[in-house]
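Novice: So that you have it, the file is start.csv, and it contains CSV, C-alpha atoms and all ligand atoms:
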```csv
chain,number,residue,atom,x,y,z
T,1,MET,CA,0.0,0.0,0.0
T,2,ASP,CA,1.5,3.3,-1.1
T,3,LYS,CA,2.0,5.8,1.7
T,4,PRO,CA,2.6,9.4,0.8
T,5,LEU,CA,5.9,10.8,2.2
T,6,MET,CA,6.0,14.2,0.4
T,7,GLU,CA,3.2,15.9,-1.3
T,8,LEU,CA,3.0,19.2,-3.2
T,9,LYS,CA,-0.5,20.6,-3.5
T,10,ASN,CA,-1.3,23.3,-6.0
T,11,VAL,CA,2.2,24.7,-5.7
T,12,ASP,CA,3.2,27.8,-7.6
T,13,MET,CA,6.6,29.4,-7.6
T,14,TYR,CA,7.1,32.8,-9.1
T,15,TYR,CA,10.4,34.5,-9.3
T,16,TYR,CA,10.4,38.3,-9.9
T,17,LYS,CA,12.9,39.6,-12.4
T,18,LYS,CA,13.8,43.3,-12.9
T,19,SER,CA,12.8,44.5,-16.3
T,20,GLY,CA,14.5,47.9,-16.1
T,21,LEU,CA,14.8,51.0,-14.0
T,22,PHE,CA,11.4,52.3,-12.9
T,23,LYS,CA,9.7,49.3,-14.7
T,24,PRO,CA,7.6,46.7,-12.8
T,25,LYS,CA,9.3,43.4,-12.1
T,26,ILE,CA,8.3,40.5,-14.4
T,27,PRO,CA,6.9,37.4,-12.7
T,28,ILE,CA,8.5,34.2,-13.9
T,29,GLY,CA,6.3,31.2,-13.2
T,30,ALA,CA,9.0,28.6,-12.8
T,31,ALA,CA,6.5,26.1,-11.3
T,32,VAL,CA,2.7,26.5,-11.8
T,33,GLY,CA,-0.1,24.4,-10.3
T,34,ILE,CA,2.2,21.5,-9.3
T,35,ASN,CA,0.5,18.5,-7.6
T,36,MET,CA,2.9,15.7,-6.9
T,37,THR,CA,3.3,12.9,-4.4
T,38,ILE,CA,6.4,10.9,-3.6
T,39,ASN,CA,5.5,7.7,-1.7
T,40,GLU,CA,7.6,6.1,1.0
T,41,GLY,CA,10.4,4.0,-0.5
T,42,GLU,CA,9.5,5.0,-4.1
T,43,ILE,CA,11.9,6.2,-6.8
T,44,ALA,CA,10.2,9.2,-8.6
T,45,ALA,CA,11.8,10.8,-11.6
T,46,LEU,CA,11.2,14.4,-12.5
T,47,VAL,CA,12.2,15.1,-16.1
T,48,GLY,CA,12.1,18.0,-18.5
T,49,GLU,CA,14.4,20.2,-20.6
T,50,SER,CA,16.5,23.1,-19.2
T,51,GLY,CA,14.3,25.8,-17.6
T,52,GLY,CA,11.4,23.4,-17.0
T,53,GLY,CA,11.4,24.1,-13.3
T,54,LYS,CA,13.0,20.8,-12.1
T,55,THR,CA,15.5,22.4,-9.7
T,56,THR,CA,12.9,24.8,-8.4
T,57,ILE,CA,10.6,21.9,-7.5
T,58,GLY,CA,13.5,19.9,-6.0
T,59,ASN,CA,14.4,22.9,-3.8
T,60,ILE,CA,10.8,23.3,-2.7
T,61,VAL,CA,10.6,19.6,-1.7
T,62,ALA,CA,13.9,20.0,0.2
T,63,GLY,CA,12.4,23.0,2.1
T,64,LEU,CA,15.1,25.4,0.8
T,65,LEU,CA,12.6,27.4,-1.2
T,66,LYS,CA,9.2,28.5,0.1
T,67,PRO,CA,6.7,28.5,-2.7
T,68,THR,CA,4.6,31.6,-3.6
T,69,SER,CA,1.5,29.6,-2.9
T,70,GLY,CA,0.3,26.0,-2.3
T,71,GLU,CA,1.1,23.4,0.3
T,72,VAL,CA,4.2,21.3,0.9
T,73,LEU,CA,3.4,18.3,3.1
T,74,PHE,CA,5.8,15.9,4.8
T,75,GLU,CA,4.1,12.8,6.2
T,76,GLY,CA,0.8,14.6,5.9
T,77,LYS,CA,2.0,17.8,7.8
T,78,ASN,CA,2.4,21.2,6.2
T,79,ILE,CA,6.1,21.9,6.6
T,80,TYR,CA,5.4,25.6,7.1
T,81,LYS,CA,3.1,24.9,10.0
T,82,MET,CA,5.4,22.6,11.8
T,83,THR,CA,7.0,23.2,15.2
T,84,ARG,CA,10.7,23.9,15.2
T,85,ALA,CA,11.4,20.3,16.3
T,86,GLU,CA,9.1,18.9,13.6
T,87,PHE,CA,10.7,21.0,10.9
T,88,ARG,CA,14.2,20.0,12.1
T,89,LYS,CA,13.2,16.3,11.8
T,90,TYR,CA,11.8,16.9,8.3
T,91,ARG,CA,15.0,18.6,7.2
T,92,HIS,CA,17.0,15.7,8.4
T,93,SER,CA,14.7,13.2,6.7
T,94,VAL,CA,14.9,14.9,3.3
T,95,GLN,CA,18.4,15.3,1.9
T,96,LEU,CA,19.5,17.0,-1.3
T,97,VAL,CA,22.4,15.8,-3.4
T,98,GLN,CA,23.3,18.3,-6.1
T,99,GLN,CA,25.0,17.8,-9.5
T,100,ASP,CA,28.2,19.7,-8.7
T,101,SER,CA,29.9,17.5,-6.2
T,102,TYR,CA,33.0,19.7,-6.1
T,103,ALA,CA,31.0,22.8,-5.2
T,104,SER,CA,29.0,20.8,-2.5
T,105,LEU,CA,32.1,19.9,-0.5
T,106,ASN,CA,34.3,22.4,1.3
T,107,PRO,CA,37.7,22.2,-0.6
T,108,VAL,CA,39.8,23.0,2.5
T,109,HIS,CA,38.2,20.2,4.7
T,110,THR,CA,39.1,16.5,4.6
T,111,ILE,CA,36.3,14.0,3.9
T,112,GLU,CA,36.4,13.0,7.6
T,113,HIS,CA,35.8,16.6,8.6
T,114,SER,CA,33.0,17.0,6.1
T,115,LEU,CA,31.2,13.9,7.1
T,116,VAL,CA,31.8,13.8,10.9
T,117,GLY,CA,31.0,17.5,11.5
T,118,PRO,CA,27.3,17.4,10.4
T,119,ILE,CA,26.3,14.3,12.4
T,120,LEU,CA,28.1,15.6,15.5
T,121,SER,CA,26.6,19.1,15.3
T,122,ARG,CA,23.1,17.7,14.7
T,123,LYS,CA,23.5,15.3,17.6
T,124,ILE,CA,22.8,12.2,15.5
T,125,VAL,CA,25.7,10.6,17.4
T,126,LYS,CA,26.9,11.0,21.0
T,127,ASN,CA,30.6,11.5,20.4
T,128,ARG,CA,33.4,11.6,17.9
T,129,LYS,CA,34.2,7.9,18.3
T,130,GLU,CA,30.7,6.9,17.4
T,131,ALA,CA,30.6,9.5,14.6
T,132,LEU,CA,33.8,8.0,13.0
T,133,GLN,CA,32.3,4.5,13.2
T,134,LYS,CA,29.1,5.7,11.5
T,135,VAL,CA,31.1,7.5,8.8
T,136,LYS,CA,33.1,4.4,8.0
T,137,GLU,CA,29.9,2.3,7.7
T,138,ALA,CA,28.4,4.9,5.4
T,139,LEU,CA,31.6,4.9,3.2
T,140,LEU,CA,31.4,1.1,2.9
T,141,ARG,CA,27.7,1.4,2.0
T,142,VAL,CA,28.6,3.7,-0.9
T,143,GLU,CA,31.3,1.3,-1.9
T,144,LEU,CA,34.3,3.5,-1.0
T,145,SER,CA,36.6,0.8,0.5
T,146,PRO,CA,38.6,0.7,2.6
T,147,PRO,CA,37.0,3.8,4.2
T,148,GLU,CA,40.3,4.8,6.0
T,149,MET,CA,41.8,5.5,2.6
T,150,PHE,CA,39.2,8.2,1.9
T,151,LEU,CA,38.9,9.9,5.3
T,152,GLU,CA,42.1,11.9,5.1
T,153,LYS,CA,41.6,12.9,1.4
T,154,TYR,CA,40.5,16.4,0.2
T,155,PRO,CA,37.8,16.7,-2.4
T,156,HIS,CA,40.3,17.6,-5.2
T,157,GLN,CA,42.1,14.3,-4.6
T,158,LEU,CA,39.0,12.3,-5.6
T,159,SER,CA,37.3,11.6,-8.9
T,160,GLY,CA,33.9,13.0,-9.8
T,161,GLY,CA,32.3,9.6,-9.2
T,162,GLN,CA,34.0,9.2,-5.8
T,163,ARG,CA,32.9,12.7,-4.8
T,164,GLN,CA,29.3,11.9,-5.8
T,165,ARG,CA,29.5,8.8,-3.5
T,166,ILE,CA,30.8,11.0,-0.7
T,167,LEU,CA,27.7,13.2,-1.1
T,168,MET,CA,25.5,10.1,-1.0
T,169,ALA,CA,27.3,9.0,2.2
T,170,ARG,CA,26.8,12.4,3.8
T,171,ALA,CA,23.1,12.2,2.9
T,172,ILE,CA,22.5,8.7,4.3
T,173,LEU,CA,24.3,9.6,7.5
T,174,MET,CA,21.2,11.8,8.4
T,175,ASN,CA,19.0,8.6,8.3
T,176,PRO,CA,16.9,10.2,5.5
T,177,LYS,CA,13.5,9.0,4.2
T,178,LEU,CA,14.0,10.8,0.9
T,179,ILE,CA,17.0,11.8,-1.1
T,180,ILE,CA,16.5,14.4,-3.8
T,181,ALA,CA,19.2,13.8,-6.4
T,182,ASP,CA,19.4,16.8,-8.7
T,183,GLU,CA,21.2,15.7,-12.0
T,184,PRO,CA,23.5,13.6,-9.9
T,185,VAL,CA,25.3,12.0,-12.8
T,186,SER,CA,25.3,14.7,-15.4
T,187,MET,CA,28.8,15.9,-14.4
T,188,ILE,CA,30.5,12.5,-14.2
T,189,ASP,CA,32.0,10.3,-17.0
T,190,VAL,CA,29.4,8.4,-18.9
T,191,SER,CA,31.1,5.1,-18.1
T,192,LEU,CA,30.6,5.7,-14.3
T,193,ARG,CA,27.0,6.9,-14.5
T,194,ILE,CA,25.4,3.5,-14.4
T,195,ALA,CA,27.4,2.6,-11.2
T,196,ILE,CA,26.0,5.7,-9.4
T,197,LEU,CA,22.4,4.9,-10.6
T,198,ASN,CA,22.9,1.3,-9.4
T,199,LEU,CA,24.1,2.7,-6.0
T,200,MET,CA,21.0,4.8,-5.6
T,201,SER,CA,18.8,1.7,-6.5
T,202,ARG,CA,20.6,-0.3,-3.9
T,203,LEU,CA,20.2,2.4,-1.2
T,204,ASN,CA,16.5,2.5,-2.1
T,205,ARG,CA,16.2,-1.3,-1.8
T,206,GLU,CA,18.4,-1.9,1.3
T,207,MET,CA,17.5,1.2,3.3
T,208,ASN,CA,14.0,1.9,2.0
T,209,ILE,CA,15.1,5.5,1.1
T,210,ALA,CA,12.8,7.2,-1.4
T,211,PHE,CA,14.5,9.1,-4.2
T,212,LEU,CA,13.4,12.1,-6.3
T,213,TYR,CA,15.6,11.7,-9.3
T,214,ILE,CA,15.8,15.0,-11.2
T,215,THR,CA,17.1,14.9,-14.8
T,216,HIS,CA,16.8,16.1,-18.4
T,217,ASP,CA,17.8,12.6,-19.5
T,218,LEU,CA,14.9,10.3,-20.2
T,219,ALA,CA,17.1,7.2,-20.6
T,220,THR,CA,18.5,7.4,-17.0
T,221,ALA,CA,15.1,8.3,-15.6
T,222,ARG,CA,13.6,5.2,-17.2
T,223,TYR,CA,16.5,3.1,-15.9
T,224,ILE,CA,16.3,4.2,-12.3
T,225,ALA,CA,12.6,4.7,-11.9
T,226,GLN,CA,11.5,1.7,-13.8
T,227,ASN,CA,9.4,0.4,-10.9
T,228,GLY,CA,8.4,3.9,-9.7
T,229,SER,CA,6.8,7.0,-11.1
T,230,ILE,CA,7.7,9.7,-13.6
T,231,THR,CA,6.6,13.3,-13.9
T,232,VAL,CA,7.3,15.3,-17.1
T,233,LEU,CA,7.6,19.1,-16.9
T,234,TYR,CA,7.3,21.6,-19.7
T,235,LEU,CA,7.9,25.3,-19.0
T,236,GLY,CA,7.0,25.0,-15.3
T,237,LYS,CA,3.9,22.8,-15.7
T,238,ILE,CA,3.3,19.1,-15.5
T,239,VAL,CA,2.3,17.7,-18.8
T,240,GLU,CA,2.2,14.0,-17.9
T,241,THR,CA,2.7,11.9,-14.8
T,242,GLY,CA,2.1,8.3,-13.7
T,243,ARG,CA,3.9,4.9,-13.3
T,244,THR,CA,7.1,4.9,-15.3
T,245,ALA,CA,6.3,1.7,-17.1
T,246,THR,CA,2.8,2.9,-18.1
T,247,VAL,CA,3.9,6.4,-19.2
T,248,LEU,CA,7.0,5.4,-21.1
T,249,GLU,CA,5.5,2.4,-22.8
T,250,ARG,CA,2.8,4.5,-24.4
T,251,PRO,CA,3.5,8.2,-23.9
T,252,ALA,CA,0.4,10.2,-24.3
T,253,HIS,CA,1.5,13.9,-24.4
T,254,PRO,CA,3.0,15.1,-27.7
T,255,TYR,CA,5.9,16.7,-25.8
T,256,LEU,CA,6.9,13.4,-24.2
T,257,GLN,CA,6.4,11.6,-27.5
T,258,ALA,CA,8.8,14.1,-29.1
T,259,LEU,CA,11.3,13.7,-26.2
T,260,LEU,CA,11.2,9.9,-26.6
T,261,SER,CA,11.6,10.1,-30.4
T,262,ALA,CA,14.8,12.1,-29.8
T,263,VAL,CA,16.5,9.5,-27.6
T,264,PRO,CA,19.1,7.9,-29.9
T,265,VAL,CA,19.2,4.1,-30.3
T,266,PRO,CA,22.7,2.5,-31.0
T,267,ASP,CA,21.3,0.2,-33.7
T,268,PRO,CA,21.3,2.1,-37.0
T,269,ASP,CA,18.6,-0.1,-38.5
T,270,ILE,CA,16.2,0.6,-35.6
T,271,GLU,CA,17.3,4.3,-35.5
T,272,SER,CA,16.3,4.7,-39.2
T,273,ARG,CA,12.9,3.1,-38.6
T,274,LYS,CA,12.2,4.9,-35.3
T,275,ARG,CA,9.2,7.1,-35.4
T,276,LYS,CA,9.9,10.8,-35.6
T,277,LEU,CA,7.6,13.5,-34.3
T,278,PRO,CA,8.4,16.7,-36.3
T,279,LEU,CA,7.8,19.6,-34.0
T,280,LYS,CA,6.6,22.9,-35.6
T,281,SER,CA,9.5,24.7,-33.9
T,282,VAL,CA,12.7,23.6,-32.2
T,283,ASP,CA,12.9,26.8,-30.1
T,284,MET,CA,12.0,26.6,-26.5
T,285,PRO,CA,9.8,29.7,-25.5
T,286,SER,CA,10.9,31.6,-22.4
T,287,VAL,CA,9.2,30.7,-19.2
T,288,ALA,CA,9.2,34.5,-18.5
T,289,LYS,CA,6.8,34.9,-21.4
T,290,PRO,CA,5.0,31.5,-21.7
T,291,PRO,CA,2.7,31.0,-24.7
T,292,SER,CA,-1.0,31.4,-24.1
T,293,GLY,CA,-3.3,28.3,-23.7
T,294,CYS,CA,-1.3,25.1,-23.8
T,295,ARG,CA,2.3,26.2,-23.3
T,296,PHE,CA,3.5,23.6,-25.8
T,297,HIS,CA,1.1,24.6,-28.6
T,298,PRO,CA,3.5,26.7,-30.7
T,299,ARG,CA,5.7,23.6,-31.1
T,300,CYS,CA,3.0,20.9,-31.2
T,301,PRO,CA,2.1,19.3,-34.5
T,302,TYR,CA,-1.4,18.5,-33.3
T,303,ALA,CA,-2.3,22.0,-31.9
T,304,ASP,CA,-5.4,23.9,-33.0
T,305,GLU,CA,-7.1,27.1,-32.0
T,306,LYS,CA,-8.4,25.7,-28.7
T,307,CYS,CA,-4.8,24.9,-27.7
T,308,SER,CA,-3.7,28.5,-28.2
T,309,ILE,CA,-6.6,29.8,-26.0
T,310,GLU,CA,-7.4,27.3,-23.3
T,311,GLU,CA,-4.9,25.9,-20.8
T,312,PRO,CA,-5.4,22.1,-20.6
T,313,GLU,CA,-6.0,20.4,-17.2
T,314,LEU,CA,-4.2,17.3,-16.1
T,315,ILE,CA,-6.8,14.6,-16.7
T,316,PRO,CA,-6.8,10.8,-16.3
T,317,PHE,CA,-6.0,9.0,-19.5
T,318,ASN,CA,-5.0,5.3,-19.9
T,319,GLY,CA,-3.7,4.9,-16.4
T,320,ARG,CA,-1.8,8.2,-16.1
T,321,LEU,CA,-2.6,11.9,-15.9
T,322,CYS,CA,-2.0,14.0,-19.1
T,323,ALA,CA,-2.6,17.7,-19.9
T,324,CYS,CA,-3.5,17.8,-23.6
T,325,HIS,CA,-6.8,18.8,-25.1
T,326,HIS,CA,-6.4,16.2,-27.9
T,327,VAL,CA,-5.1,13.3,-25.9
T,328,GLU,CA,-8.1,11.1,-26.9
T,329,THR,CA,-7.7,11.7,-30.6
T,330,ILE,CA,-4.0,12.1,-31.4
T,331,PRO,CA,-2.4,9.1,-33.0
T,332,GLU,CA,-1.2,6.5,-30.5
T,333,TRP,CA,2.5,6.6,-30.1
T,334,SER,CA,4.6,3.7,-31.3
T,335,TYR,CA,8.3,3.3,-31.1
T,336,LEU,CA,8.8,2.3,-34.8
T,337,GLU,CA,7.2,3.7,-37.9
F,401,LIG,N1,16.5,32.7,-8.4
F,401,LIG,C1,15.9,32.9,-9.6
F,401,LIG,N2,15.5,34.1,-10.0
F,401,LIG,C2,14.9,34.3,-11.2
F,401,LIG,N3,14.6,33.3,-12.0
F,401,LIG,C3,15.0,32.1,-11.7
F,401,LIG,C4,15.6,31.8,-10.4
F,401,LIG,N4,15.9,30.4,-10.4
F,401,LIG,C5,15.4,29.9,-11.5
F,401,LIG,N5,14.9,30.9,-12.3
F,401,LIG,C6,14.2,30.7,-13.6
F,401,LIG,O1,13.1,29.8,-13.5
F,401,LIG,C7,13.1,28.9,-14.5
F,401,LIG,C8,13.1,27.4,-14.0
F,401,LIG,O2,14.4,27.2,-13.5
F,401,LIG,P1,14.9,25.8,-12.9
F,401,LIG,O3,16.4,26.0,-12.5
F,401,LIG,O4,14.0,25.4,-11.8
F,401,LIG,O5,14.8,24.9,-14.2
F,401,LIG,P2,15.4,23.5,-14.5
F,401,LIG,O6,14.4,22.6,-15.2
F,401,LIG,O7,16.1,22.9,-13.3
F,401,LIG,O8,16.5,23.8,-15.5
F,401,LIG,P3,18.1,23.5,-15.5
F,401,LIG,O9,18.2,22.1,-15.9
F,401,LIG,O10,18.6,24.4,-16.6
F,401,LIG,O11,18.6,23.8,-14.1
F,401,LIG,C9,14.2,29.2,-15.5
F,401,LIG,O12,13.7,30.0,-16.5
F,401,LIG,C10,15.2,30.0,-14.6
F,401,LIG,O13,15.8,31.0,-15.4
```
Could you quickly redo this structure as structure tokens?
Specialist:
Amino acid sequence: MDKPLMELKNVDMYYYKKSGLFKPKIPIGAAVGINMTINEGEIAALVGESGGGKTTIGNIVAGLLKPTSGEVLFEGKNIYKMTRAEFRKYRHSVQLVQQDSYASLNPVHTIEHSLVGPILSRKIVKNRKEALQKVKEALLRVELSPPEMFLEKYPHQLSGGQRQRILMARAILMNPKLIIADEPVSMIDVSLRIAILNLMSRLNREMNIAFLYITHDLATARYIAQNGSITVLYLGKIVETGRTATVLERPAHPYLQALLSAVPVPDPDIESRKRKLPLKSVDMPSVAKPPSGCRFHPRCPYADEKCSIEEPELIPFNGRLCACHHVETIPEWSYLE
């Protein structure tokens, strides 16, 4: 039985950008009308192109960014109505791992210092001896062995993949229920990516930690969230969401269909027979000036007048939710022509 861990209810996040001296600030709807649930122990993928609002949503879930409106619930409680003690517990339970592992670690501190410090100061352990023991266990869990070899190192002495593992170790030391992994593999060598994805899957299975995996890369989202859920964003709005297997098997929204058609296949024969979805425009409009009606309509091959006027709601369709006026009538997607 799925139990909601984190819920976003009708969340909007507007940034305000200066448009010139004496001119009013322009609102940028980086996330609009977001409803999303991450269940206990689930791997949820959040995908979309640059500027879609992924990092904004990740930071809202992490409690680092307060949305302009809407509710953020952790275990059913609004995080902005929590007592100090409850909020502290939530912040320990939800950890954020960012893409730039170098920037996330203090370059003048050893790994031991960076990992022991937070659990001592947050009183997760009683003393330094216990802290060191826990840190060694965490390093073993993230496959940095022997741990003693890594404790005295500085971030610059480690590879990108090893630093990303250190960040995972720092996150699991807080005994989290959810780790938000924001593009965790985009800055490491392709050959090492799969190992980090497998590590996250293992932490999910062995420690029942839920993951919010944020990425622009559908292939890695499909791989890691194959038994979980996927939410696709376009210019700050959800266009399709549901179980990953259902959504990616038969994508319903034309934007997701186009994204899937663009994932290259190594076999040239299949690649040449793969179905293409020619978009009307390759240019991504600005989120500061989103198109009227359906935000995808200027690029959508199926768009008509209604799409340019009326914003589509997310509605149930074939076992998932999809925001498209023509979802019932557009040709069913198939992988090959
Ligand atoms: N602090 C800010 N002030 C003003 N605008 C912002 C701020 N942070 C983000 N934005 C804008 O909000 C939009 C969504 O940004 P966000 O970083 O959430 O998207 P993203 O999908 O994570 O993209 P990327 O993969 O490029 O990081 C972008 O147009 C961005 O320029």
Novice: Select the residues contacting ligand LIG 401 (chain F) at a distance of at most 10 Å, based on only C-alpha atoms and all ligand atoms, then format the selection as an MDAnalysis selection string.
Specialist: chainID T and resid 13:18 26:31 46:60 65 99 182:183 214:216 233:236 285:289
Novice: From (32.9, 11.5, 11.1), in the file's coordinates, out to 10 Å: which residues are reached, counting all atoms listed in the file? Answer as a VMD selection string.
Specialist: chain T and resid 111 to 120 125 127 to 136 138 151 170 173
Novice: Do a neighbour search on range 308-324 of chain T at 12 Å with all atoms listed in the file, toss out local chain neighbours closer than 4 positions, and write the hits as number ranges by chain.
Specialist: T: 32-36, 229-234, 237-256, 290-300, 302-304, 328-330, 332
Novice: Grab the residues selected above and save them as a PDB file, in the coordinates of the input with C-alpha atoms.
Specialist:
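again_2.pdb, written as the output of this step:
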```pdb
ATOM      1  CA  VAL T  32       2.700  26.500 -11.800  1.00  0.00           C
ATOM      2  CA  GLY T  33      -0.100  24.400 -10.300  1.00  0.00           C
ATOM      3  CA  ILE T  34       2.200  21.500  -9.300  1.00  0.00           C
ATOM      4  CA  ASN T  35       0.500  18.500  -7.600  1.00  0.00           C
ATOM      5  CA  MET T  36       2.900  15.700  -6.900  1.00  0.00           C
ATOM      6  CA  SER T 229       6.800   7.000 -11.100  1.00  0.00           C
ATOM      7  CA  ILE T 230       7.700   9.700 -13.600  1.00  0.00           C
ATOM      8  CA  THR T 231       6.600  13.300 -13.900  1.00  0.00           C
ATOM      9  CA  VAL T 232       7.300  15.300 -17.100  1.00  0.00           C
ATOM     10  CA  LEU T 233       7.600  19.100 -16.900  1.00  0.00           C
ATOM     11  CA  TYR T 234       7.300  21.600 -19.700  1.00  0.00           C
ATOM     12  CA  LYS T 237       3.900  22.800 -15.700  1.00  0.00           C
ATOM     13  CA  ILE T 238       3.300  19.100 -15.500  1.00  0.00           C
ATOM     14  CA  VAL T 239       2.300  17.700 -18.800  1.00  0.00           C
ATOM     15  CA  GLU T 240       2.200  14.000 -17.900  1.00  0.00           C
ATOM     16  CA  THR T 241       2.700  11.900 -14.800  1.00  0.00           C
ATOM     17  CA  GLY T 242       2.100   8.300 -13.700  1.00  0.00           C
ATOM     18  CA  ARG T 243       3.900   4.900 -13.300  1.00  0.00           C
ATOM     19  CA  THR T 244       7.100   4.900 -15.300  1.00  0.00           C
ATOM     20  CA  ALA T 245       6.300   1.700 -17.100  1.00  0.00           C
ATOM     21  CA  THR T 246       2.800   2.900 -18.100  1.00  0.00           C
ATOM     22  CA  VAL T 247       3.900   6.400 -19.200  1.00  0.00           C
ATOM     23  CA  LEU T 248       7.000   5.400 -21.100  1.00  0.00           C
ATOM     24  CA  GLU T 249       5.500   2.400 -22.800  1.00  0.00           C
ATOM     25  CA  ARG T 250       2.800   4.500 -24.400  1.00  0.00           C
ATOM     26  CA  PRO T 251       3.500   8.200 -23.900  1.00  0.00           C
ATOM     27  CA  ALA T 252       0.400  10.200 -24.300  1.00  0.00           C
ATOM     28  CA  HIS T 253       1.500  13.900 -24.400  1.00  0.00           C
ATOM     29  CA  PRO T 254       3.000  15.100 -27.700  1.00  0.00           C
ATOM     30  CA  TYR T 255       5.900  16.700 -25.800  1.00  0.00           C
ATOM     31  CA  LEU T 256       6.900  13.400 -24.200  1.00  0.00           C
ATOM     32  CA  PRO T 290       5.000  31.500 -21.700  1.00  0.00           C
ATOM     33  CA  PRO T 291       2.700  31.000 -24.700  1.00  0.00           C
ATOM     34  CA  SER T 292      -1.000  31.400 -24.100  1.00  0.00           C
ATOM     35  CA  GLY T 293      -3.300  28.300 -23.700  1.00  0.00           C
ATOM     36  CA  CYS T 294      -1.300  25.100 -23.800  1.00  0.00           C
ATOM     37  CA  ARG T 295       2.300  26.200 -23.300  1.00  0.00           C
ATOM     38  CA  PHE T 296       3.500  23.600 -25.800  1.00  0.00           C
ATOM     39  CA  HIS T 297       1.100  24.600 -28.600  1.00  0.00           C
ATOM     40  CA  PRO T 298       3.500  26.700 -30.700  1.00  0.00           C
ATOM     41  CA  ARG T 299       5.700  23.600 -31.100  1.00  0.00           C
ATOM     42  CA  CYS T 300       3.000  20.900 -31.200  1.00  0.00           C
ATOM     43  CA  TYR T 302      -1.400  18.500 -33.300  1.00  0.00           C
ATOM     44  CA  ALA T 303      -2.300  22.000 -31.900  1.00  0.00           C
ATOM     45  CA  ASP T 304      -5.400  23.900 -33.000  1.00  0.00           C
ATOM     46  CA  GLU T 328      -8.100  11.100 -26.900  1.00  0.00           C
ATOM     47  CA  THR T 329      -7.700  11.700 -30.600  1.00  0.00           C
ATOM     48  CA  ILE T 330      -4.000  12.100 -31.400  1.00  0.00           C
ATOM     49  CA  GLU T 332      -1.200   6.500 -30.500  1.00  0.00           C
TER      50      GLU T 332
END
```
Novice: Determine the nearest neighbour of Ile224 in chain T from the options T:Gly70, T:Met1, T:Ile43, T:Ser145, counting all atoms listed in the file.
Specialist: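 Ranked by minimum distance to Ile224 in chain T, first place goes to T:Ile43.
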Novice: In Å to one decimal, how far is CA of Leu212 in chain T from CA of Val185 in chain T?
Specialist: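 Rounded to one decimal, the two atoms are 13.6 Å apart.
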Novice: Which distance in Å separates CA of Ala44 in chain T and CA of Asn227 in chain T, to one decimal?
Specialist: 9.1 Å
Novice: Suppose you want the space between CA of Ala103 in chain T and CA of Val61 in chain T; what is it in Å?
Specialist: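 Taking CA of Ala103 in chain T as the start and CA of Val61 in chain T as the end point, the length is 20.9 Å.
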Novice: Taking 3 positions as the minimum chain separation for residues in the same chain, which residues sit within 10 Å of Ala171 in chain T when counting only C-alpha atoms? Answer as JSON, numbers by chain.
Specialist: {"T": [92, 93, 94, 95, 96, 97, 115, 138, 165, 166, 167, 168, 174, 175, 176, 178, 179, 180]}
Novice: Rank T:Ile194, T:Leu158, T:Ile209, T:Leu5 by their smallest atom-to-atom distance to Thr110 in chain T, using all atoms listed in the file, and report the top residue only.
Specialist: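 Ranked by minimum distance to Thr110 in chain T, first place goes to T:Leu158.
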Novice: With all atoms listed in the file as the counted atoms, please give the residues lying no more than 12 Å from Glu143 in chain T, apart from itself and same-chain residues fewer than 2 positions off, as a list in words.
Specialist: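 What passes the distance filter is Lys136, Glu137, Ala138, Leu139, Leu140, Arg141, Ser145, Pro146, Pro147, Phe150, Gly161, Gln162, Arg163, Gln164, Arg165, Ile166, Met168, Ala169, Ala195, Ile196, Asn198, Leu199, Met200, Arg202 and Leu203 of chain T.
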Novice: Which residue gives the smallest distance to Leu192 in chain T among T:Met284, T:Pro266, T:Arg205, T:Gly160, with all atoms listed in the file counted?
Specialist: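 Ranking T:Met284, T:Pro266, T:Arg205, T:Gly160 by distance to Leu192 in chain T, first place goes to T:Gly160.
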Novice: Measuring between all atoms listed in the file, which one of T:Leu279, T:Ala258, T:Val190, T:Glu42 shows the shortest distance to Met207 in chain T?
Specialist: T:Glu42
